[in-house]
Amino acid sequence: RKFTNFERLIQQDPTGMIFQYIYVGDVGELDQEAGETMLREYPEVVKAVFLHVVSDQIGDTPIIPAPKFINGRPLVFFRTYVGAAVDAVQLGFMGIDGLQSVIEAATTKLANVPETSDKRVDLQKDINRSDILFQGYGRRRREGTNRS
């Protein structure tokens, strides 16, 4: 169904001259199949697919698959939206200021979540990854965006 809806959407601009897409889904509900099909069938309009690796199990650290390319377009798996933003910056889809905004939103959303929770631990790992990018841009992440 998701792929069918996407095909209806791209009928507005089938050449990709006006619209290009980055598909964001998760590893459940056939999002991966839909995203891979988009990359195979429409690489001229689909720039990338980002899939959120989710888990319902507390204490369960899911394995995050390695990124891969389909028709020269990236298929990226991520655990947190900060991780997705780090990958988006590295791939040239987002600027460093956008990454800063994602970090701020994620830390605000998880402000009341215990620091030892899996969500906070995963977030901190990805914030640490982001620090390398900020250094590469000759910048520092704004203070107050890391509460751990």
# chains A, B, ... in the order shown; residues from 1 in each chain; ligands from 1
$ select_by_dssp --residues "range 36-107 of chain A" --states "alpha helix (DSSP H)" --output "PyMOL selection string"
chain A and resi 36-41+81-90+96-107
$ write_last_selection --atoms "N, CA, C and O atoms" --output "mmCIF file, in the first residue's frame"
data_model
loop_
_atom_site.group_PDB
_atom_site.id
_atom_site.type_symbol
_atom_site.label_atom_id
_atom_site.label_comp_id
_atom_site.auth_asym_id
_atom_site.auth_seq_id
_atom_site.Cartn_x
_atom_site.Cartn_y
_atom_site.Cartn_z
ATOM 1 N N GLU A 36 12.779 -0.192 -0.521
ATOM 2 C CA GLU A 36 13.671 -0.834 -1.496
ATOM 3 C C GLU A 36 13.049 -0.831 -2.888
ATOM 4 O O GLU A 36 13.746 -0.621 -3.880
ATOM 5 N N THR A 37 11.748 -1.033 -2.967
ATOM 6 C CA THR A 37 11.069 -1.003 -4.261
ATOM 7 C C THR A 37 11.127 0.401 -4.858
ATOM 8 O O THR A 37 11.357 0.563 -6.058
ATOM 9 N N MET A 38 10.955 1.421 -4.032
ATOM 10 C CA MET A 38 11.071 2.806 -4.509
ATOM 11 C C MET A 38 12.450 3.058 -5.102
ATOM 12 O O MET A 38 12.580 3.674 -6.168
ATOM 13 N N LEU A 39 13.496 2.572 -4.409
ATOM 14 C CA LEU A 39 14.855 2.770 -4.905
ATOM 15 C C LEU A 39 15.107 2.003 -6.204
ATOM 16 O O LEU A 39 15.817 2.490 -7.089
ATOM 17 N N ARG A 40 14.537 0.816 -6.311
ATOM 18 C CA ARG A 40 14.706 0.038 -7.543
ATOM 19 C C ARG A 40 13.929 0.638 -8.711
ATOM 20 O O ARG A 40 14.437 0.715 -9.825
ATOM 21 N N GLU A 41 12.702 1.056 -8.454
ATOM 22 C CA GLU A 41 11.816 1.508 -9.529
ATOM 23 C C GLU A 41 11.964 2.989 -9.887
ATOM 24 O O GLU A 41 11.716 3.367 -11.026
ATOM 25 N N TYR A 81 16.606 9.444 15.878
ATOM 26 C CA TYR A 81 16.515 10.461 14.828
ATOM 27 C C TYR A 81 17.787 11.303 14.763
ATOM 28 O O TYR A 81 18.117 11.832 13.699
ATOM 29 N N VAL A 82 18.510 11.407 15.855
ATOM 30 C CA VAL A 82 19.817 12.066 15.801
ATOM 31 C C VAL A 82 20.754 11.239 14.917
ATOM 32 O O VAL A 82 21.486 11.786 14.091
ATOM 33 N N GLY A 83 20.719 9.919 15.060
ATOM 34 C CA GLY A 83 21.530 9.057 14.198
ATOM 35 C C GLY A 83 21.171 9.229 12.737
ATOM 36 O O GLY A 83 22.045 9.290 11.864
ATOM 37 N N ALA A 84 19.877 9.326 12.443
ATOM 38 C CA ALA A 84 19.436 9.552 11.060
ATOM 39 C C ALA A 84 19.947 10.899 10.557
ATOM 40 O O ALA A 84 20.405 11.012 9.413
ATOM 41 N N ALA A 85 19.892 11.909 11.411
ATOM 42 C CA ALA A 85 20.366 13.232 11.011
ATOM 43 C C ALA A 85 21.871 13.242 10.764
ATOM 44 O O ALA A 85 22.348 13.877 9.830
ATOM 45 N N VAL A 86 22.628 12.521 11.596
ATOM 46 C CA VAL A 86 24.075 12.406 11.374
ATOM 47 C C VAL A 86 24.328 11.803 9.993
ATOM 48 O O VAL A 86 25.131 12.324 9.210
ATOM 49 N N ASP A 87 23.620 10.725 9.684
ATOM 50 C CA ASP A 87 23.792 10.094 8.368
ATOM 51 C C ASP A 87 23.358 11.032 7.246
ATOM 52 O O ASP A 87 24.003 11.089 6.196
ATOM 53 N N ALA A 88 22.279 11.779 7.466
ATOM 54 C CA ALA A 88 21.797 12.715 6.445
ATOM 55 C C ALA A 88 22.824 13.812 6.172
ATOM 56 O O ALA A 88 23.033 14.204 5.020
ATOM 57 N N VAL A 89 23.492 14.296 7.215
ATOM 58 C CA VAL A 89 24.542 15.298 7.022
ATOM 59 C C VAL A 89 25.699 14.686 6.241
ATOM 60 O O VAL A 89 26.201 15.271 5.281
ATOM 61 N N GLN A 90 26.100 13.486 6.623
ATOM 62 C CA GLN A 90 27.217 12.828 5.935
ATOM 63 C C GLN A 90 26.903 12.572 4.461
ATOM 64 O O GLN A 90 27.801 12.607 3.628
ATOM 65 N N ILE A 96 24.476 21.132 8.900
ATOM 66 C CA ILE A 96 24.847 20.977 10.305
ATOM 67 C C ILE A 96 23.858 21.690 11.231
ATOM 68 O O ILE A 96 23.609 21.244 12.348
ATOM 69 N N ASP A 97 23.250 22.776 10.763
ATOM 70 C CA ASP A 97 22.247 23.467 11.580
ATOM 71 C C ASP A 97 20.997 22.602 11.749
ATOM 72 O O ASP A 97 20.370 22.618 12.815
ATOM 73 N N GLY A 98 20.640 21.856 10.723
ATOM 74 C CA GLY A 98 19.519 20.928 10.839
ATOM 75 C C GLY A 98 19.813 19.840 11.856
ATOM 76 O O GLY A 98 18.933 19.456 12.641
ATOM 77 N N LEU A 99 21.034 19.357 11.850
ATOM 78 C CA LEU A 99 21.444 18.355 12.841
ATOM 79 C C LEU A 99 21.318 18.925 14.250
ATOM 80 O O LEU A 99 20.801 18.263 15.149
ATOM 81 N N GLN A 100 21.747 20.155 14.438
ATOM 82 C CA GLN A 100 21.621 20.810 15.742
ATOM 83 C C GLN A 100 20.151 20.848 16.172
ATOM 84 O O GLN A 100 19.832 20.556 17.326
ATOM 85 N N SER A 101 19.271 21.174 15.264
ATOM 86 C CA SER A 101 17.838 21.236 15.582
ATOM 87 C C SER A 101 17.291 19.874 15.982
ATOM 88 O O SER A 101 16.485 19.766 16.913
ATOM 89 N N VAL A 102 17.716 18.828 15.299
ATOM 90 C CA VAL A 102 17.259 17.482 15.631
ATOM 91 C C VAL A 102 17.759 17.078 17.015
ATOM 92 O O VAL A 102 17.017 16.490 17.812
ATOM 93 N N ILE A 103 19.001 17.401 17.325
ATOM 94 C CA ILE A 103 19.551 17.092 18.654
ATOM 95 C C ILE A 103 18.738 17.799 19.729
ATOM 96 O O ILE A 103 18.366 17.192 20.745
ATOM 97 N N GLU A 104 18.454 19.061 19.509
ATOM 98 C CA GLU A 104 17.682 19.818 20.500
ATOM 99 C C GLU A 104 16.296 19.216 20.699
ATOM 100 O O GLU A 104 15.832 19.070 21.831
ATOM 101 N N ALA A 105 15.623 18.860 19.611
ATOM 102 C CA ALA A 105 14.282 18.277 19.721
ATOM 103 C C ALA A 105 14.320 16.927 20.433
ATOM 104 O O ALA A 105 13.475 16.635 21.287
ATOM 105 N N ALA A 106 15.304 16.102 20.098
ATOM 106 C CA ALA A 106 15.397 14.766 20.706
ATOM 107 C C ALA A 106 15.717 14.850 22.197
ATOM 108 O O ALA A 106 15.123 14.118 23.000
ATOM 109 N N THR A 107 16.631 15.723 22.572
ATOM 110 C CA THR A 107 16.979 15.829 23.989
ATOM 111 C C THR A 107 15.825 16.421 24.793
ATOM 112 O O THR A 107 15.593 16.018 25.931
#
$ atom_distance --atom1 "CA of Gly92 in chain A" --atom2 "CA of Glu33 in chain A"
24.2 Å
$ residues_around --residues "Gly28 in chain A" --least-positions-apart "4" --cutoff "10 Å" --atoms "only C-alpha atoms" --output "list in words"
Gln32, Glu33, Leu51, His52, Val53, Val54 and Ser55 of chain A
$ write_last_selection --atoms "N, CA, C and O atoms" --output "CSV table (one decimal), in the first residue's frame"
chain,number,residue,atom,x,y,z
A,32,GLN,N,10.4,-1.4,4.8
A,32,GLN,CA,11.7,-1.7,4.1
A,32,GLN,C,11.4,-2.2,2.7
A,32,GLN,O,12.1,-1.8,1.8
A,33,GLU,N,10.4,-3.1,2.5
A,33,GLU,CA,10.1,-3.6,1.2
A,33,GLU,C,9.7,-2.4,0.3
A,33,GLU,O,10.1,-2.3,-0.8
A,51,LEU,N,15.5,4.0,7.5
A,51,LEU,CA,14.6,3.1,8.2
A,51,LEU,C,14.9,3.1,9.7
A,51,LEU,O,16.1,2.8,10.0
A,52,HIS,N,14.0,3.4,10.5
A,52,HIS,CA,14.1,3.4,12.0
A,52,HIS,C,14.1,2.0,12.5
A,52,HIS,O,13.1,1.3,12.3
A,53,VAL,N,15.1,1.5,13.2
A,53,VAL,CA,15.2,0.2,13.8
A,53,VAL,C,14.5,0.3,15.2
A,53,VAL,O,15.1,0.9,16.1
A,54,VAL,N,13.3,-0.2,15.3
A,54,VAL,CA,12.6,-0.2,16.5
A,54,VAL,C,12.5,-1.5,17.2
A,54,VAL,O,12.6,-2.6,16.5
A,55,SER,N,12.3,-1.5,18.5
A,55,SER,CA,12.2,-2.8,19.2
A,55,SER,C,11.2,-2.5,20.4
A,55,SER,O,11.2,-1.5,21.0
$ atom_distance --atom1 "CA of Val113 in chain A" --atom2 "CA of Asp26 in chain A"
22.1 Å
$ atom_distance --atom1 "CA of Gln12 in chain A" --atom2 "CA of Leu75 in chain A"
24.2 Å
$ closest_residue --among "A:Thr61, A:Asn71, A:Thr116, A:Gln124" --to "Glu44 in chain A" --atoms "only C-alpha atoms"
A:Asn71
$ select_by_dssp --residues "chain A" --states "strand (DSSP E or B)" --output "PyMOL selection string"
chain A and resi 21-26+46-52+68-70+73-78
$ write_last_selection --atoms "N, CA and C atoms" --output "PDB file, in the first residue's frame"
ATOM      1  N   TYR A  21      12.463  12.830  -3.352  1.00  0.00           N
ATOM      2  CA  TYR A  21      11.990  12.314  -2.085  1.00  0.00           C
ATOM      3  C   TYR A  21      13.066  11.583  -1.296  1.00  0.00           C
ATOM      4  N   ILE A  22      12.937  11.700   0.023  1.00  0.00           N
ATOM      5  CA  ILE A  22      13.664  10.851   0.960  1.00  0.00           C
ATOM      6  C   ILE A  22      12.583  10.164   1.774  1.00  0.00           C
ATOM      7  N   TYR A  23      12.544   8.857   1.681  1.00  0.00           N
ATOM      8  CA  TYR A  23      11.511   8.078   2.365  1.00  0.00           C
ATOM      9  C   TYR A  23      12.024   7.686   3.744  1.00  0.00           C
ATOM     10  N   VAL A  24      11.219   7.969   4.769  1.00  0.00           N
ATOM     11  CA  VAL A  24      11.556   7.595   6.141  1.00  0.00           C
ATOM     12  C   VAL A  24      10.467   6.665   6.649  1.00  0.00           C
ATOM     13  N   GLY A  25      10.883   5.488   7.095  1.00  0.00           N
ATOM     14  CA  GLY A  25       9.942   4.511   7.635  1.00  0.00           C
ATOM     15  C   GLY A  25      10.589   3.784   8.792  1.00  0.00           C
ATOM     16  N   ASP A  26      10.063   2.624   9.092  1.00  0.00           N
ATOM     17  CA  ASP A  26      10.698   1.795  10.114  1.00  0.00           C
ATOM     18  C   ASP A  26      10.808   0.376   9.593  1.00  0.00           C
ATOM     19  N   VAL A  46      13.811   9.213  -5.973  1.00  0.00           N
ATOM     20  CA  VAL A  46      14.014   8.849  -4.571  1.00  0.00           C
ATOM     21  C   VAL A  46      15.504   8.974  -4.267  1.00  0.00           C
ATOM     22  N   LYS A  47      15.843   9.957  -3.442  1.00  0.00           N
ATOM     23  CA  LYS A  47      17.247  10.229  -3.134  1.00  0.00           C
ATOM     24  C   LYS A  47      17.818   9.239  -2.127  1.00  0.00           C
ATOM     25  N   ALA A  48      16.964   8.761  -1.186  1.00  0.00           N
ATOM     26  CA  ALA A  48      17.440   7.861  -0.129  1.00  0.00           C
ATOM     27  C   ALA A  48      16.248   7.282   0.606  1.00  0.00           C
ATOM     28  N   VAL A  49      16.527   6.207   1.346  1.00  0.00           N
ATOM     29  CA  VAL A  49      15.548   5.609   2.247  1.00  0.00           C
ATOM     30  C   VAL A  49      16.221   5.487   3.613  1.00  0.00           C
ATOM     31  N   PHE A  50      15.535   5.978   4.644  1.00  0.00           N
ATOM     32  CA  PHE A  50      15.995   5.880   6.025  1.00  0.00           C
ATOM     33  C   PHE A  50      14.986   5.045   6.791  1.00  0.00           C
ATOM     34  N   LEU A  51      15.456   3.994   7.460  1.00  0.00           N
ATOM     35  CA  LEU A  51      14.566   3.103   8.209  1.00  0.00           C
ATOM     36  C   LEU A  51      14.948   3.065   9.679  1.00  0.00           C
ATOM     37  N   HIS A  52      13.971   3.372  10.514  1.00  0.00           N
ATOM     38  CA  HIS A  52      14.130   3.389  11.969  1.00  0.00           C
ATOM     39  C   HIS A  52      14.077   1.952  12.488  1.00  0.00           C
ATOM     40  N   LYS A  68      23.263   0.197   2.838  1.00  0.00           N
ATOM     41  CA  LYS A  68      23.562  -0.385   1.527  1.00  0.00           C
ATOM     42  C   LYS A  68      23.054   0.560   0.448  1.00  0.00           C
ATOM     43  N   PHE A  69      23.441   0.287  -0.774  1.00  0.00           N
ATOM     44  CA  PHE A  69      23.015   1.108  -1.893  1.00  0.00           C
ATOM     45  C   PHE A  69      22.205   0.267  -2.862  1.00  0.00           C
ATOM     46  N   ILE A  70      21.129   0.840  -3.346  1.00  0.00           N
ATOM     47  CA  ILE A  70      20.302   0.227  -4.382  1.00  0.00           C
ATOM     48  C   ILE A  70      20.199   1.255  -5.503  1.00  0.00           C
ATOM     49  N   ARG A  73      21.593   4.611  -4.720  1.00  0.00           N
ATOM     50  CA  ARG A  73      20.923   5.423  -3.696  1.00  0.00           C
ATOM     51  C   ARG A  73      21.036   4.732  -2.338  1.00  0.00           C
ATOM     52  N   PRO A  74      21.267   5.504  -1.270  1.00  0.00           N
ATOM     53  CA  PRO A  74      21.480   4.876   0.035  1.00  0.00           C
ATOM     54  C   PRO A  74      20.197   4.403   0.713  1.00  0.00           C
ATOM     55  N   LEU A  75      20.323   3.246   1.355  1.00  0.00           N
ATOM     56  CA  LEU A  75      19.319   2.709   2.273  1.00  0.00           C
ATOM     57  C   LEU A  75      20.007   2.661   3.623  1.00  0.00           C
ATOM     58  N   VAL A  76      19.548   3.518   4.552  1.00  0.00           N
ATOM     59  CA  VAL A  76      20.216   3.727   5.829  1.00  0.00           C
ATOM     60  C   VAL A  76      19.302   3.281   6.964  1.00  0.00           C
ATOM     61  N   PHE A  77      19.866   2.574   7.918  1.00  0.00           N
ATOM     62  CA  PHE A  77      19.134   2.140   9.102  1.00  0.00           C
ATOM     63  C   PHE A  77      19.603   2.969  10.291  1.00  0.00           C
ATOM     64  N   PHE A  78      18.680   3.367  11.161  1.00  0.00           N
ATOM     65  CA  PHE A  78      19.057   4.194  12.302  1.00  0.00           C
ATOM     66  C   PHE A  78      18.267   3.796  13.537  1.00  0.00           C
TER      67      PHE A  78
END
